Amino acid sequence: MFCQKCGKELPEGVSMCPSCGNVVTAQSQIMTELTEFQTTMQEKFKNLSNDTKINCILAFTAFNALVTLIIIIKILSIASRFGRMF
C-alpha cells in the first residue's frame with residue numbers, strides 16, 4: 001500500500017505515514033488497495049492476446065443473450081397464464 005499524500009510505500013498495519021506523517025485511514029487504505037487491484041487487472045488485460053480478448057467478449061455477449069432469452073420466455077409464460085399477450 002502507498003501513502004496518498006507522498007506516494008511512498010507503507011508498511012502493513014501503520015496508521016501514519018513514516019515519511020510525511022499523513023494519517024492513514026481505513027478509507028484511504030481501501031482506496032489504495034482498489035487502485036492497486038485496478039492497475040493489476042488492467043496490466044493483465046493488456047497482456048492478453050487479441051484472440052483471448054475477442055473470446056471473452058463473445059462469451060460475455062452470448063451469456064447476456066441467453067439471460068435475455070430466458071427472461072423473455074418467462075414473461076411470455078406468465079402472460080399466457082393470464083390469457084393475454086403484450
# chains A, B, ... in the order shown; residues from 1 in each chain; ligands from 1
call {"tool": "residues_around", "arguments": {"residues": "range 20-36 of chain A", "least_positions_apart": "2", "cutoff": "10 Å", "atoms": "only C-alpha atoms", "output": "ChimeraX atom specification"}}
result
/A:1-8,10,13-18,38-42
call {"tool": "select_by_dssp", "arguments": {"residues": "chain A", "states": "helix (DSSP H, G or I)", "output": "PyMOL selection string"}}
result
chain A and resi 26-47+50-81
call {"tool": "atom_distance", "arguments": {"atom1": "CA of Asn50 in chain A", "atom2": "CA of Leu66 in chain A"}}
result
24.2 Å
